[in-house]
>>> print(open('run31.cif').read())   # mmCIF, C-alpha atoms and all ligand atoms
data_protein
loop_
_atom_site.label_atom_id
_atom_site.label_comp_id
_atom_site.auth_asym_id
_atom_site.auth_seq_id
_atom_site.Cartn_x
_atom_site.Cartn_y
_atom_site.Cartn_z
CA MET Y 1 -1.58 26.49 -13.19
CA SER Y 2 -1.47 28.89 -10.26
CA ALA Y 3 1.74 29.69 -8.40
CA GLN Y 4 0.48 27.55 -5.50
CA THR Y 5 0.12 24.38 -7.54
CA PRO Y 6 2.77 22.04 -6.16
CA THR Y 7 5.14 20.32 -8.55
CA TYR Y 8 5.38 16.55 -8.85
CA GLU Y 9 8.61 16.61 -6.81
CA GLU Y 10 6.91 18.56 -4.04
CA ARG Y 11 3.87 16.30 -4.05
CA ILE Y 12 5.82 13.06 -3.93
CA LYS Y 13 8.41 14.09 -1.33
CA TRP Y 14 6.51 12.78 1.73
CA PHE Y 15 5.79 9.53 -0.09
CA HIS Y 16 9.50 8.83 -0.58
CA GLU Y 17 10.14 9.64 3.07
CA ALA Y 18 7.35 7.27 4.09
CA ARG Y 19 8.30 4.05 2.27
CA PHE Y 20 5.83 1.95 4.26
CA GLY Y 21 2.03 2.09 4.32
CA ILE Y 22 -0.86 -0.09 5.48
CA PHE Y 23 -3.63 -1.07 3.08
CA VAL Y 24 -7.02 -1.99 4.52
CA HIS Y 25 -9.62 -4.03 2.67
CA TRP Y 26 -12.82 -4.10 4.65
CA GLY Y 27 -16.47 -4.05 3.68
CA LEU Y 28 -19.63 -6.16 3.43
CA TYR Y 29 -17.62 -9.06 2.02
CA SER Y 30 -15.73 -9.28 5.32
CA ILE Y 31 -18.89 -10.78 6.86
CA LEU Y 32 -18.65 -13.86 4.62
CA GLY Y 33 -14.92 -14.37 5.23
CA ARG Y 34 -14.25 -15.54 1.70
CA GLY Y 35 -12.41 -12.53 0.34
CA GLU Y 36 -13.47 -9.29 -1.35
CA TRP Y 37 -14.27 -11.00 -4.66
CA VAL Y 38 -16.90 -13.31 -3.13
CA MET Y 39 -19.88 -11.63 -4.83
CA HIS Y 40 -18.42 -12.07 -8.27
CA LEU Y 41 -16.61 -15.38 -7.83
CA GLU Y 42 -19.67 -17.08 -6.35
CA ARG Y 43 -22.17 -15.27 -8.61
CA ILE Y 44 -24.16 -13.93 -5.70
CA PRO Y 45 -27.11 -11.97 -7.14
CA VAL Y 46 -27.10 -8.23 -6.47
CA ASP Y 47 -30.19 -8.20 -4.24
CA GLU Y 48 -29.03 -11.20 -2.23
CA TYR Y 49 -25.63 -9.62 -1.67
CA ALA Y 50 -27.22 -6.30 -0.75
CA ARG Y 51 -28.94 -7.94 2.22
CA LEU Y 52 -25.54 -8.20 3.89
CA ALA Y 53 -25.83 -4.49 4.58
CA ARG Y 54 -28.53 -5.29 7.17
CA ARG Y 55 -25.98 -7.34 9.09
CA PHE Y 56 -23.10 -4.95 8.75
CA ASN Y 57 -22.95 -3.21 12.10
CA PRO Y 58 -19.40 -3.57 13.41
CA LYS Y 59 -19.55 -2.50 17.01
CA LYS Y 60 -15.82 -2.94 17.52
CA PHE Y 61 -14.75 -0.80 14.59
CA ASP Y 62 -12.20 1.58 16.06
CA ALA Y 63 -10.31 3.73 13.59
CA ASP Y 64 -8.00 4.98 16.35
CA ALA Y 65 -6.95 1.38 16.99
CA TRP Y 66 -6.15 0.90 13.29
CA ALA Y 67 -4.16 4.12 13.23
CA SER Y 68 -2.19 3.26 16.34
CA LEU Y 69 -1.40 -0.21 14.99
CA ALA Y 70 -0.18 1.35 11.74
CA LYS Y 71 2.04 3.69 13.73
CA GLU Y 72 3.35 0.88 15.85
CA ALA Y 73 4.19 -0.97 12.63
CA GLY Y 74 6.27 2.01 11.54
CA ALA Y 75 3.95 2.87 8.66
CA LYS Y 76 3.50 6.49 7.66
CA TYR Y 77 0.21 6.25 5.79
CA MET Y 78 -2.80 4.09 5.20
CA VAL Y 79 -5.04 3.37 2.22
CA PHE Y 80 -8.62 2.33 2.98
CA THR Y 81 -11.28 0.81 0.72
CA THR Y 82 -13.89 3.56 0.67
CA ARG Y 83 -15.71 1.32 -1.78
CA HIS Y 84 -14.74 -1.94 -3.42
CA HIS Y 85 -16.07 -3.68 -6.55
CA ASP Y 86 -19.33 -4.59 -4.78
CA GLY Y 87 -20.28 -0.90 -4.78
CA PHE Y 88 -20.93 -0.69 -1.05
CA CYS Y 89 -19.76 2.71 0.20
CA LEU Y 90 -18.23 3.08 3.64
CA PHE Y 91 -18.91 6.80 3.35
CA ASP Y 92 -21.90 9.05 3.07
CA SER Y 93 -22.72 9.17 -0.62
CA LYS Y 94 -25.64 11.24 -1.80
CA VAL Y 95 -25.71 9.40 -5.11
CA SER Y 96 -26.14 5.88 -3.75
CA ASP Y 97 -28.37 4.17 -1.20
CA PHE Y 98 -25.91 1.33 -0.83
CA THR Y 99 -23.80 2.84 1.95
CA SER Y 100 -22.89 2.17 5.55
CA VAL Y 101 -24.61 5.40 6.52
CA LYS Y 102 -27.94 4.33 5.03
CA SER Y 103 -27.89 0.77 6.39
CA ALA Y 104 -27.54 -1.04 9.71
CA ALA Y 105 -24.37 0.65 10.91
CA LYS Y 106 -25.52 4.21 10.22
CA ARG Y 107 -21.89 5.30 10.33
CA ASP Y 108 -19.52 7.06 7.98
CA PHE Y 109 -16.47 4.84 8.44
CA VAL Y 110 -14.42 6.92 6.05
CA ALA Y 111 -15.00 10.01 8.19
CA GLU Y 112 -13.93 8.10 11.31
CA TYR Y 113 -10.86 6.78 9.51
CA VAL Y 114 -9.84 10.23 8.28
CA GLN Y 115 -10.24 11.75 11.72
CA ALA Y 116 -8.20 9.01 13.39
CA LEU Y 117 -5.36 9.22 10.89
CA ARG Y 118 -5.19 12.97 11.10
CA LYS Y 119 -5.01 12.76 14.88
CA ALA Y 120 -2.25 10.14 14.61
CA GLY Y 121 -0.25 12.18 12.08
CA LEU Y 122 -0.58 9.58 9.34
CA LYS Y 123 -1.08 10.43 5.69
CA ILE Y 124 -4.46 9.49 4.29
CA GLY Y 125 -5.17 7.32 1.28
CA PHE Y 126 -8.52 6.47 -0.29
CA TYR Y 127 -8.97 3.32 -2.34
CA TYR Y 128 -11.89 3.69 -4.74
CA SER Y 129 -13.07 1.04 -7.17
CA LEU Y 130 -14.33 2.56 -10.39
CA LEU Y 131 -16.15 -0.61 -11.37
CA ASP Y 132 -19.29 -1.66 -9.57
CA TRP Y 133 -20.59 -5.18 -10.16
CA ARG Y 134 -24.18 -4.09 -9.55
CA PHE Y 135 -24.37 -2.36 -12.94
CA PRO Y 136 -25.27 -4.61 -15.90
CA GLY Y 137 -23.83 -1.90 -18.13
CA TYR Y 138 -20.42 -2.64 -16.68
CA PHE Y 139 -20.46 -6.16 -18.10
CA ASP Y 140 -22.15 -5.29 -21.39
CA GLN Y 141 -22.17 -1.67 -22.47
CA LYS Y 142 -23.97 -2.35 -25.75
CA ALA Y 143 -26.88 -4.17 -24.15
CA HIS Y 144 -27.18 -1.68 -21.28
CA PRO Y 145 -25.90 1.73 -22.42
CA GLU Y 146 -27.91 3.66 -19.81
CA SER Y 147 -26.51 1.55 -17.01
CA ALA Y 148 -22.95 2.03 -18.30
CA LYS Y 149 -23.51 5.78 -18.39
CA ALA Y 150 -24.95 5.77 -14.86
CA LEU Y 151 -21.95 3.79 -13.63
CA VAL Y 152 -19.49 6.38 -14.93
CA GLU Y 153 -21.57 9.25 -13.60
CA GLN Y 154 -21.72 7.61 -10.19
CA ALA Y 155 -17.94 7.25 -10.16
CA HIS Y 156 -17.44 10.93 -11.00
CA ALA Y 157 -19.94 12.01 -8.37
CA GLN Y 158 -18.51 9.78 -5.65
CA VAL Y 159 -14.90 10.69 -6.33
CA LYS Y 160 -16.01 14.30 -6.08
CA GLU Y 161 -17.67 13.59 -2.73
CA LEU Y 162 -14.54 11.88 -1.44
CA MET Y 163 -12.35 14.75 -2.60
CA THR Y 164 -14.67 17.40 -1.17
CA ASN Y 165 -16.07 16.18 2.13
CA TYR Y 166 -13.06 14.90 4.08
CA GLY Y 167 -10.46 17.65 4.00
CA LYS Y 168 -6.97 17.08 2.66
CA ILE Y 169 -6.44 13.61 1.17
CA ASP Y 170 -2.95 12.44 0.29
CA ILE Y 171 -3.45 9.49 -2.08
CA LEU Y 172 -6.25 8.53 -4.42
CA TRP Y 173 -5.81 4.82 -5.03
CA TYR Y 174 -8.02 3.88 -7.93
CA ASP Y 175 -8.79 0.31 -8.75
CA GLY Y 176 -11.17 -1.64 -10.93
CA GLY Y 177 -10.53 0.41 -14.05
CA TRP Y 178 -10.66 -2.62 -16.31
CA VAL Y 179 -13.85 -2.98 -18.34
CA PRO Y 180 -14.95 -6.14 -20.18
CA GLY Y 181 -14.51 -5.69 -23.92
CA ILE Y 182 -12.50 -2.48 -23.63
CA GLN Y 183 -8.75 -2.29 -24.06
CA GLY Y 184 -5.80 0.06 -23.73
CA GLU Y 185 -6.42 3.76 -24.23
CA GLU Y 186 -10.15 3.25 -24.40
CA VAL Y 187 -10.30 2.40 -20.71
CA ALA Y 188 -9.54 6.04 -19.87
CA ASP Y 189 -12.12 7.15 -22.43
CA PHE Y 190 -14.77 4.91 -20.88
CA TRP Y 191 -14.30 6.38 -17.40
CA ARG Y 192 -13.49 9.88 -18.73
CA SER Y 193 -10.46 9.58 -16.48
CA ARG Y 194 -8.60 12.67 -17.67
CA GLU Y 195 -11.57 14.84 -16.83
CA LEU Y 196 -12.05 12.98 -13.54
CA ASN Y 197 -8.43 13.43 -12.49
CA ALA Y 198 -8.37 17.08 -13.51
CA MET Y 199 -11.31 17.58 -11.13
CA VAL Y 200 -9.45 15.69 -8.39
CA ARG Y 201 -6.36 17.88 -8.79
CA GLU Y 202 -8.48 21.01 -8.72
CA LEU Y 203 -9.96 19.92 -5.37
CA GLN Y 204 -6.78 18.35 -3.94
CA PRO Y 205 -3.70 19.98 -5.47
CA HIS Y 206 -1.29 17.99 -3.27
CA ILE Y 207 -2.74 14.58 -3.98
CA LEU Y 208 -0.92 11.59 -5.46
CA ILE Y 209 -3.00 9.54 -7.90
CA ASN Y 210 -2.14 5.98 -8.88
CA ASN Y 211 -2.13 4.48 -12.36
CA ARG Y 212 -5.31 2.42 -12.22
CA SER Y 213 -7.77 4.72 -13.94
CA GLY Y 214 -6.24 4.05 -17.35
CA VAL Y 215 -3.78 6.96 -17.22
CA PRO Y 216 -0.29 6.81 -15.64
CA GLU Y 217 -0.66 9.78 -13.25
CA ASP Y 218 1.83 9.65 -10.32
CA LEU Y 219 2.30 6.09 -9.10
CA ASP Y 220 2.86 2.64 -10.55
CA THR Y 221 1.24 -0.15 -8.53
CA PRO Y 222 2.92 -3.55 -8.91
CA GLU Y 223 0.72 -6.06 -7.14
CA GLN Y 224 2.02 -9.00 -5.07
CA HIS Y 225 5.57 -8.54 -6.39
CA VAL Y 226 8.30 -5.97 -5.85
CA THR Y 227 9.38 -4.53 -9.17
CA ALA Y 228 11.00 -1.12 -9.34
CA SER Y 229 9.95 1.45 -11.91
CA ALA Y 230 12.57 3.56 -13.70
CA PRO Y 231 14.36 6.13 -11.52
CA GLY Y 232 12.27 9.28 -11.14
CA ARG Y 233 8.95 7.47 -11.30
CA GLY Y 234 6.97 6.89 -8.10
CA TRP Y 235 5.91 3.32 -7.38
CA GLU Y 236 4.43 1.24 -4.64
CA THR Y 237 4.08 -2.52 -4.29
CA CYS Y 238 0.86 -3.66 -2.66
CA MET Y 239 0.79 -7.09 -1.07
CA THR Y 240 -1.37 -9.33 1.07
CA ILE Y 241 0.03 -10.93 4.22
CA GLY Y 242 -1.82 -14.14 3.35
CA ASP Y 243 -2.87 -15.55 -0.02
CA GLN Y 244 -3.75 -13.66 -3.20
CA TRP Y 245 -7.50 -12.88 -3.42
CA GLY Y 246 -7.37 -12.57 0.31
CA TRP Y 247 -7.27 -8.78 0.51
CA GLY Y 248 -10.57 -8.86 2.34
CA TYR Y 249 -10.91 -11.13 5.38
CA ILE Y 250 -10.57 -14.84 4.64
CA HIS Y 251 -11.48 -16.95 7.61
CA ASN Y 252 -8.99 -19.77 7.07
CA ASN Y 253 -5.99 -18.27 5.36
CA PRO Y 254 -3.10 -20.54 6.29
CA ASN Y 255 -0.38 -19.03 4.12
CA PHE Y 256 0.64 -15.98 6.14
CA LYS Y 257 4.03 -14.67 5.11
CA THR Y 258 6.69 -14.69 7.79
CA VAL Y 259 7.97 -11.52 9.44
CA CYS Y 260 11.27 -12.20 7.69
CA GLN Y 261 9.61 -12.28 4.26
CA LEU Y 262 7.63 -9.13 4.94
CA ILE Y 263 10.68 -7.18 6.14
CA GLN Y 264 12.70 -8.33 3.16
CA TYR Y 265 9.94 -7.23 0.77
CA LEU Y 266 9.92 -3.83 2.44
CA VAL Y 267 13.71 -3.58 2.12
CA THR Y 268 13.54 -4.67 -1.52
CA ALA Y 269 11.03 -1.91 -2.24
CA ALA Y 270 13.15 0.67 -0.40
CA ALA Y 271 16.26 -0.47 -2.31
CA GLY Y 272 14.44 0.42 -5.52
CA GLU Y 273 13.22 3.78 -4.15
CA GLY Y 274 9.71 2.44 -3.93
CA ASN Y 275 7.10 1.93 -1.24
CA TYR Y 276 5.54 -1.13 0.33
CA LEU Y 277 1.80 -1.08 0.97
CA LEU Y 278 1.05 -4.06 3.15
CA ASN Y 279 -2.55 -5.15 3.41
CA VAL Y 280 -4.67 -6.19 6.35
CA GLY Y 281 -8.22 -7.53 6.04
CA PRO Y 282 -10.01 -6.79 9.30
CA LYS Y 283 -12.70 -9.11 10.60
CA PRO Y 284 -16.37 -8.19 10.10
CA ASP Y 285 -16.46 -6.61 13.56
CA GLY Y 286 -13.68 -4.25 12.55
CA THR Y 287 -10.87 -5.79 14.60
CA ILE Y 288 -7.64 -7.00 13.04
CA ARG Y 289 -6.75 -10.67 13.43
CA LYS Y 290 -3.85 -11.54 15.69
CA GLU Y 291 -1.73 -13.10 12.91
CA GLU Y 292 -1.68 -9.71 11.18
CA VAL Y 293 -1.26 -7.66 14.35
CA GLU Y 294 1.75 -9.72 15.47
CA ARG Y 295 3.46 -9.35 12.12
CA LEU Y 296 2.89 -5.61 11.94
CA LYS Y 297 4.23 -5.12 15.43
CA ALA Y 298 7.34 -7.16 14.62
CA ILE Y 299 7.99 -5.03 11.53
CA GLY Y 300 7.60 -1.98 13.76
CA ARG Y 301 10.16 -3.28 16.22
CA TRP Y 302 12.61 -3.87 13.40
CA LEU Y 303 11.96 -0.40 11.95
CA SER Y 304 12.40 1.29 15.31
CA VAL Y 305 16.04 0.13 15.19
CA ASN Y 306 16.67 0.12 11.45
CA GLY Y 307 14.28 2.78 10.16
CA GLU Y 308 16.99 5.19 9.07
CA SER Y 309 17.92 2.68 6.35
CA ILE Y 310 14.34 2.68 5.01
CA TYR Y 311 12.63 6.05 5.46
CA GLY Y 312 13.70 8.44 2.71
CA SER Y 313 16.03 5.79 1.29
CA GLU Y 314 17.63 6.15 -2.11
CA ARG Y 315 19.05 3.68 -4.58
CA CYS Y 316 22.62 2.67 -3.74
CA PRO Y 317 24.91 2.28 -6.76
CA PHE Y 318 26.71 -0.75 -5.33
CA GLY Y 319 25.09 -3.96 -4.13
CA ALA Y 320 25.83 -6.25 -1.20
CA GLY Y 321 27.00 -9.32 -3.08
CA ILE Y 322 25.41 -12.54 -1.90
CA VAL Y 323 24.44 -11.36 1.58
CA GLY Y 324 21.49 -9.11 0.72
CA LEU Y 325 20.67 -5.63 -0.56
CA THR Y 326 21.75 -2.02 -0.15
CA THR Y 327 19.98 1.27 0.43
CA ALA Y 328 21.50 4.73 0.70
CA LYS Y 329 20.81 8.17 2.11
CA GLY Y 330 23.11 11.16 1.68
CA ASN Y 331 26.64 9.99 2.48
CA ASN Y 332 25.46 6.80 4.15
CA ALA Y 333 25.09 3.37 2.64
CA TYR Y 334 23.20 0.60 4.42
CA ILE Y 335 24.13 -3.04 3.94
CA HIS Y 336 21.08 -5.22 4.57
CA VAL Y 337 22.43 -8.60 5.53
CA PHE Y 338 19.71 -11.22 5.02
CA ARG Y 339 22.13 -14.16 4.73
CA TRP Y 340 24.66 -13.69 7.50
CA PRO Y 341 27.92 -15.55 6.74
CA LYS Y 342 28.97 -18.07 9.35
CA GLN Y 343 32.52 -16.63 9.42
CA GLY Y 344 31.27 -13.34 10.88
CA GLU Y 345 33.02 -11.55 8.05
CA ILE Y 346 31.23 -9.79 5.24
CA THR Y 347 32.64 -9.03 1.81
CA ILE Y 348 31.08 -6.11 -0.07
CA PRO Y 349 32.08 -5.77 -3.70
CA GLY Y 350 32.33 -2.50 -5.58
CA ILE Y 351 32.52 0.35 -3.07
CA LYS Y 352 34.55 3.23 -4.52
CA ASN Y 353 34.31 5.56 -1.50
CA LYS Y 354 36.51 5.79 1.52
CA ILE Y 355 34.54 4.32 4.43
CA GLU Y 356 34.69 6.26 7.67
CA SER Y 357 32.80 3.82 9.85
CA ALA Y 358 30.73 0.64 9.74
CA THR Y 359 28.14 0.20 12.49
CA VAL Y 360 25.75 -2.66 13.15
CA LEU Y 361 22.47 -0.85 13.83
CA ALA Y 362 21.05 -3.70 15.94
CA THR Y 363 23.90 -3.67 18.47
CA GLY Y 364 25.94 -0.52 17.88
CA GLN Y 365 29.02 -2.64 17.23
CA GLN Y 366 31.70 -1.14 14.97
CA ALA Y 367 33.07 -3.48 12.34
CA ARG Y 368 36.73 -3.41 11.38
CA ILE Y 369 37.04 -2.16 7.81
CA GLU Y 370 39.65 -3.59 5.46
CA THR Y 371 39.98 -3.13 1.75
CA GLY Y 372 41.25 -5.70 -0.71
CA SER Y 373 42.04 -6.07 -4.39
CA ASN Y 374 39.28 -5.79 -7.00
CA CYS Y 375 37.47 -3.07 -5.10
CA ARG Y 376 36.50 -5.35 -2.24
CA THR Y 377 35.61 -4.21 1.25
CA PHE Y 378 35.83 -6.63 4.18
CA LEU Y 379 33.84 -6.00 7.33
CA LYS Y 380 35.50 -7.95 10.13
CA GLY Y 381 35.23 -8.70 13.83
CA LEU Y 382 31.52 -9.42 13.55
CA PRO Y 383 29.70 -12.17 15.45
CA LYS Y 384 29.25 -15.59 13.91
CA ARG Y 385 25.50 -15.45 14.43
CA PRO Y 386 23.28 -12.76 12.87
CA PRO Y 387 22.54 -10.01 15.40
CA ASP Y 388 19.10 -9.57 13.81
CA PRO Y 389 17.12 -12.68 12.78
CA TYR Y 390 15.56 -11.00 9.71
CA ASP Y 391 17.92 -8.40 8.31
CA THR Y 392 21.00 -7.08 10.11
CA VAL Y 393 21.70 -3.58 8.85
CA ILE Y 394 25.27 -2.29 8.74
CA LYS Y 395 25.52 1.45 8.30
CA LEU Y 396 28.51 2.70 6.34
CA VAL Y 397 29.42 6.35 6.69
CA LEU Y 398 31.23 7.35 3.51
CA ASP Y 399 33.34 10.31 2.45
CA GLY Y 400 30.66 11.39 -0.02
CA LYS Y 401 27.65 10.05 -1.89
CA PRO Y 402 27.96 6.31 -2.49
CA GLU Y 403 29.83 5.48 -5.69
CA ALA Y 404 30.49 2.13 -7.30
CA CYS Y 405 33.67 0.78 -8.84
C1 LIG O 1 -7.44 -5.53 -7.50
C2 LIG O 1 -8.73 -5.93 -6.85
O1 LIG O 1 -9.53 -6.64 -7.75
C3 LIG O 1 -8.45 -6.73 -5.62
O2 LIG O 1 -9.66 -7.11 -5.00
C4 LIG O 1 -7.65 -5.88 -4.65
O3 LIG O 1 -8.40 -4.74 -4.26
C5 LIG O 1 -6.36 -5.46 -5.33
C6 LIG O 1 -5.56 -4.48 -4.50
O4 LIG O 1 -6.61 -4.85 -6.60
O5 LIG O 1 -6.85 -6.70 -8.00
C7 LIG O 1 -6.10 -6.69 -9.10
C8 LIG O 1 -5.86 -5.57 -9.82
C9 LIG O 1 -5.00 -5.61 -10.90
C10 LIG O 1 -4.40 -6.80 -11.23
C11 LIG O 1 -4.63 -7.92 -10.51
C12 LIG O 1 -5.48 -7.87 -9.44
N1 LIG O 1 -3.53 -6.85 -12.30
O6 LIG O 1 -3.33 -5.81 -12.98
O7 LIG O 1 -2.94 -7.89 -12.55
#
>>> encode(input="run31.cif", output="structure tokens", more="lines below")
Ligand code: JFZ
Amino acid sequence: MSAQTPTYEERIKWFHEARFGIFVHWGLYSILGRGEWVMHLERIPVDEYARLARRFNPKKFDADAWASLAKEAGAKYMVFTTRHHDGFCLFDSKVSDFTSVKSAAKRDFVAEYVQALRKAGLKIGFYYSLLDWRFPGYFDQKAHPESAKALVEQAHAQVKELMTNYGKIDILWYDGGWVPGIQGEEVADFWRSRELNAMVRELQPHILINNRSGVPEDLDTPEQHVTASAPGRGWETCMTIGDQWGWGYIHNNPNFKTVCQLIQYLVTAAAGEGNYLLNVGPKPDGTIRKEEVERLKAIGRWLSVNGESIYGSERCPFGAGIVGLTTAKGNNAYIHVFRWPKQGEITIPGIKNKIESATVLATGQQARIETGSNCRTFLKGLPKRPPDPYDTVIKLVLDGKPEAC
């Protein structure tokens, strides 16, 4: 390793500051509006599916609009499907003819995305699916050994293209590492993932790599649930706004999570020193549906007031009792009150520190601080109704780093 090679701590620093990112699933499947798994779930033959590329010419695709929405949402990075399991590349790949550059659109959407994010000051993530349903060797390596070999070679070549042709990339978000009939350690052997990731790190020394190529690398990726990894390990929950299997656009997707749910998931991730990667599935024309836009903007409004409790947050050694969760940063603790008590008085159990002040971030109001037996803290003089409908954050300035008793 050269002296310039950044350490894990240096590489992951921005990621912990960021806490919130936007995932984008968009590709040929968006045209059908039945999710990104449509080819496989409906057994659409490869050649029939490939004809979608003739119709894929999204005139309203505007990467700057995506980037500005992500910023307005308070996100600090995005992760974009450069290629999903259908194998269709949204970038200029020399090793495949199944790309947006070589079909109707004649555009390198990944290049446009990268340029827009860089301009907006957002960190850049690439989602790349190792598996490609077009290869019979993926489903049966024994029957089609040449196809299986070609699949792996294509993945190595395309990851190299992505890591070479677009400047500095911040996250490589692998997916689709699972292979029928192959288990455990052998997954990494199948893809030659160690070799692949060594090449990636050679080309992009600052990059963060997730755990979906069969080796742990830098980030755990709990999906559709918020589950913290052990302290010291980077992790990020990815989640759809609507139903599972609706990462890509689903025309009628009636189960959109509420703004309250989404904010509380974000807070739960931050409380465990993890990140929240919230997905949108743009329409085939490249625009983002209003249900998603509205929710992202509402999260952004909440973060513009309460962001200091999220960005760069640390685990807090004491909790918030029944009312919600806690995050911490330096000598501050943040009480996230999801369930505001009707008495306008909040009891926090287990704070060892002396508390210098308690401020409601939404209104600037100072709470009266009283201490009781059993290490209880009472925050008094608060309104009977929650100042914030989703999560009212009370900032405690302490005499030192938060400590529990
Ligand atoms: C994968 C993809 O198949 C899906 O389309 C989407 O891109 C999502 C982000 O990732 O889905 C998975 C991957 C892993 C599990 C479940 C769904 N898993 O480990 O349970």
>>> residues_around(input="run31.cif", residues="Glu308 of chain Y", least_positions_apart="2", cutoff="12 Å", atoms="all atoms listed in the file", output="PyMOL selection string")
chain Y and resi 17-19+74+267+270+302-306+310-314+327-330+332-334+361-362+393-395
>>> closest_residue(input="run31.cif", among="Y:Asn210, Y:Asn275, Y:Ser229, Y:Thr164", to="Gly21 of chain Y", atoms="only C-alpha atoms")
Y:Asn275
>>> closest_atom_pairs(input="run31.cif", of="segment 214-279 of chain Y", to="segment 36-42 of chain Y", cutoff="10 Å", atoms="all atoms listed in the file", output="JSON lines")
{"residue": "Y:Trp245", "atom": "CA", "partner": "Y:Trp37", "partner_atom": "CA", "distance": 7.1}
{"residue": "Y:Gly246", "atom": "CA", "partner": "Y:Glu36", "partner_atom": "CA", "distance": 7.1}
{"residue": "Y:Trp247", "atom": "CA", "partner": "Y:Glu36", "partner_atom": "CA", "distance": 6.5}
{"residue": "Y:Gly248", "atom": "CA", "partner": "Y:Glu36", "partner_atom": "CA", "distance": 4.7}
{"residue": "Y:Tyr249", "atom": "CA", "partner": "Y:Glu36", "partner_atom": "CA", "distance": 7.4}
{"residue": "Y:Ile250", "atom": "CA", "partner": "Y:Glu36", "partner_atom": "CA", "distance": 8.7}
>>> residues_near_ligand(input="run31.cif", ligand="ligand LIG 1 (chain O)", cutoff="9 Å", atoms="all atoms listed in the file", output="VMD selection string")
chain Y and resid 23 25 35 to 37 81 84 to 85 127 129 174 to 178 212 221 to 224 238 to 240 244 to 248 279
>>> atom_distance(input="run31.cif", atom1="atom CA of Gly214 of chain Y", atom2="atom CA of Arg192 of chain Y")
9.4 Å
>>> atom_distance(input="run31.cif", atom1="atom CA of Leu52 of chain Y", atom2="atom CA of Pro136 of chain Y")
20.1 Å
>>> residues_around(input="run31.cif", residues="Asp218 of chain Y", least_positions_apart="6", cutoff="7 Å", atoms="only C-alpha atoms", output="list in words")
Leu208, Ile209, Asn210, Asn211 and Gly234 of chain Y
>>> atom_distance(input="run31.cif", atom1="atom CA of Tyr113 of chain Y", atom2="atom CA of Leu278 of chain Y")
17.3 Å
>>> decode(input="run31.cif", residues="segment 187-200 of chain Y", atoms="N, CA and C atoms", output="PDB file, in the first residue's frame")
ATOM      1  N   VAL Y 187     -19.555 -18.121  -3.673  1.00  0.00           N
ATOM      2  CA  VAL Y 187     -20.099 -17.010  -4.451  1.00  0.00           C
ATOM      3  C   VAL Y 187     -18.962 -16.080  -4.879  1.00  0.00           C
ATOM      4  N   ALA Y 188     -18.097 -15.745  -3.920  1.00  0.00           N
ATOM      5  CA  ALA Y 188     -16.962 -14.861  -4.226  1.00  0.00           C
ATOM      6  C   ALA Y 188     -16.002 -15.529  -5.206  1.00  0.00           C
ATOM      7  N   ASP Y 189     -15.889 -16.845  -5.124  1.00  0.00           N
ATOM      8  CA  ASP Y 189     -15.017 -17.558  -6.078  1.00  0.00           C
ATOM      9  C   ASP Y 189     -15.608 -17.491  -7.480  1.00  0.00           C
ATOM     10  N   PHE Y 190     -16.923 -17.661  -7.553  1.00  0.00           N
ATOM     11  CA  PHE Y 190     -17.586 -17.637  -8.867  1.00  0.00           C
ATOM     12  C   PHE Y 190     -17.320 -16.310  -9.585  1.00  0.00           C
ATOM     13  N   TRP Y 191     -17.517 -15.205  -8.869  1.00  0.00           N
ATOM     14  CA  TRP Y 191     -17.346 -13.885  -9.497  1.00  0.00           C
ATOM     15  C   TRP Y 191     -15.888 -13.426  -9.503  1.00  0.00           C
ATOM     16  N   ARG Y 192     -15.028 -14.167  -8.844  1.00  0.00           N
ATOM     17  CA  ARG Y 192     -13.630 -13.732  -8.615  1.00  0.00           C
ATOM     18  C   ARG Y 192     -13.656 -12.329  -7.987  1.00  0.00           C
ATOM     19  N   SER Y 193     -14.433 -12.235  -6.910  1.00  0.00           N
ATOM     20  CA  SER Y 193     -14.712 -10.928  -6.314  1.00  0.00           C
ATOM     21  C   SER Y 193     -13.489 -10.283  -5.669  1.00  0.00           C
ATOM     22  N   ARG Y 194     -12.610 -11.094  -5.093  1.00  0.00           N
ATOM     23  CA  ARG Y 194     -11.438 -10.485  -4.436  1.00  0.00           C
ATOM     24  C   ARG Y 194     -10.567  -9.781  -5.474  1.00  0.00           C
ATOM     25  N   GLU Y 195     -10.383 -10.448  -6.580  1.00  0.00           N
ATOM     26  CA  GLU Y 195      -9.607  -9.880  -7.686  1.00  0.00           C
ATOM     27  C   GLU Y 195     -10.316  -8.628  -8.245  1.00  0.00           C
ATOM     28  N   LEU Y 196     -11.628  -8.753  -8.388  1.00  0.00           N
ATOM     29  CA  LEU Y 196     -12.430  -7.642  -8.908  1.00  0.00           C
ATOM     30  C   LEU Y 196     -12.305  -6.415  -7.989  1.00  0.00           C
ATOM     31  N   ASN Y 197     -12.450  -6.634  -6.702  1.00  0.00           N
ATOM     32  CA  ASN Y 197     -12.424  -5.512  -5.767  1.00  0.00           C
ATOM     33  C   ASN Y 197     -11.027  -4.935  -5.582  1.00  0.00           C
ATOM     34  N   ALA Y 198     -10.022  -5.768  -5.747  1.00  0.00           N
ATOM     35  CA  ALA Y 198      -8.642  -5.249  -5.706  1.00  0.00           C
ATOM     36  C   ALA Y 198      -8.444  -4.291  -6.882  1.00  0.00           C
ATOM     37  N   MET Y 199      -8.974  -4.663  -8.040  1.00  0.00           N
ATOM     38  CA  MET Y 199      -8.891  -3.784  -9.213  1.00  0.00           C
ATOM     39  C   MET Y 199      -9.641  -2.474  -8.941  1.00  0.00           C
ATOM     40  N   VAL Y 200     -10.818  -2.576  -8.361  1.00  0.00           N
ATOM     41  CA  VAL Y 200     -11.615  -1.381  -8.049  1.00  0.00           C
ATOM     42  C   VAL Y 200     -10.821  -0.449  -7.126  1.00  0.00           C
TER      43      VAL Y 200
END
